Amino acid sequence: HINHSIFWTNLAPAGRGGGGEPTGEVGKLITSTWGSFSNFQQKFNTQAASVQGSGWAWLVFNKATGRIEITTRPNQDPVSTDPNQIPLLGVDVWEHAYYLQYKNVRPDYLKAIWNVVNWSNVSERLAAASAAK
């Protein structure tokens, strides 16, 4: 339940808050960590595609290091299994999330998901996580 609660707030229709590149602190952290937004997307998609079976890919804020990281979880396991990781962006990689539109071609789904990521929501989550550090 918690994973999907975050997932639905992380999404918005293209042109109404979804898509584009992150700005502000999220954009700065992504660029400083991965060199560019494109490099981040590639790294995130590679890790998400490598989840065996069902699971989740996450962009998290690590309270211990003060940095953002990409992590994955099998099945429905939440990020909260690691108390230092605060979820910022979650992508559901269970087939039920994409099968009707993308069949079993997870990489196509992962490429398209960036068109509906709600970066404002991710920014709000980062601000809250940073303040709670």
# chains A, B, ... in the order shown; residues from 1 in each chain; ligands from 1
$ select_by_dssp --residues "stretch 3-43 of chain A" --states "helix (DSSP H, G or I)" --output "MDAnalysis selection string"
chainID A and resid 3:9 24:34 37:43
$ residues_around --residues "stretch 71-76 of chain A" --least-positions-apart "3" --cutoff "7 Å" --atoms "only C-alpha atoms" --output "ChimeraX atom specification"
/A:48,54-59
$ closest_residue --among "A:Ala14, A:Ala49, A:Ile68, A:Val116" --to "A:Lys28" --atoms "only C-alpha atoms"
A:Ile68
$ closest_residue --among "A:Ala127, A:Lys111, A:Arg16, A:Glu69" --to "A:Ser38" --atoms "only C-alpha atoms"
A:Lys111
$ residues_around --residues "A:Gly24" --least-positions-apart "3" --cutoff "10 Å" --atoms "only C-alpha atoms" --output "count of residues only"
6
$ residues_around --residues "A:Pro87" --least-positions-apart "5" --cutoff "12 Å" --atoms "only C-alpha atoms" --output "number ranges by chain"
A: 2-7, 9-10, 56-63, 68-73, 78-82, 121-130
$ write_last_selection --atoms "C-alpha atoms" --output "JSON list (two decimals), in the first residue's frame"
[["chain", "number", "residue", "atom", "x", "y", "z"],
["A", 2, "ILE", "CA", 2.71, 2.53, 0.92],
["A", 3, "ASN", "CA", 4.56, 2.01, -2.36],
["A", 4, "HIS", "CA", 1.49, 2.71, -4.46],
["A", 5, "SER", "CA", 0.51, 5.68, -2.28],
["A", 6, "ILE", "CA", 3.85, 7.29, -3.17],
["A", 7, "PHE", "CA", 3.77, 6.12, -6.79],
["A", 9, "THR", "CA", 1.59, 11.15, -6.19],
["A", 10, "ASN", "CA", 4.83, 10.85, -8.18],
["A", 56, "TRP", "CA", 10.19, -1.37, -7.46],
["A", 57, "ALA", "CA", 12.92, 1.08, -8.41],
["A", 58, "TRP", "CA", 13.43, 4.13, -6.21],
["A", 59, "LEU", "CA", 15.20, 7.43, -6.08],
["A", 60, "VAL", "CA", 15.84, 7.96, -2.38],
["A", 61, "PHE", "CA", 17.39, 10.50, -0.07],
["A", 62, "ASN", "CA", 19.90, 8.83, 2.25],
["A", 63, "LYS", "CA", 19.71, 10.52, 5.66],
["A", 68, "ILE", "CA", 20.40, 10.85, -3.32],
["A", 69, "GLU", "CA", 20.67, 7.25, -4.53],
["A", 70, "ILE", "CA", 18.95, 4.74, -6.76],
["A", 71, "THR", "CA", 17.84, 1.51, -5.13],
["A", 72, "THR", "CA", 15.52, -1.38, -5.94],
["A", 73, "ARG", "CA", 13.28, -3.61, -3.87],
["A", 78, "PRO", "CA", 9.01, -0.80, 0.90],
["A", 79, "VAL", "CA", 12.07, 1.43, 1.03],
["A", 80, "SER", "CA", 11.41, 1.88, 4.75],
["A", 81, "THR", "CA", 13.15, -1.44, 5.36],
["A", 82, "ASP", "CA", 16.26, 0.79, 5.45],
["A", 121, "ASN", "CA", 6.11, 16.12, -5.91],
["A", 122, "VAL", "CA", 9.65, 14.70, -5.91],
["A", 123, "SER", "CA", 10.95, 18.17, -4.94],
["A", 124, "GLU", "CA", 8.47, 18.39, -2.06],
["A", 125, "ARG", "CA", 9.57, 14.99, -0.82],
["A", 126, "LEU", "CA", 13.24, 16.00, -1.01],
["A", 127, "ALA", "CA", 12.58, 19.21, 0.94],
["A", 128, "ALA", "CA", 10.75, 17.26, 3.67],
["A", 129, "ALA", "CA", 13.47, 14.58, 3.80],
["A", 130, "SER", "CA", 16.26, 17.17, 3.96]]
$ atom_distance --atom1 "atom CA of A:Tyr109" --atom2 "atom CA of A:Gln42"
13.2 Å
$ select_by_dssp --residues "stretch 41-131 of chain A" --states "strand (DSSP E)" --output "ChimeraX atom specification"
/A:55-62,67-74,85-92
$ closest_residue --among "A:Ser50, A:Asn84, A:Thr65, A:Asn45" --to "A:Asp108" --atoms "only C-alpha atoms"
A:Asn45
$ atom_distance --atom1 "atom CA of A:Asp92" --atom2 "atom CA of A:Ala132"
25.6 Å
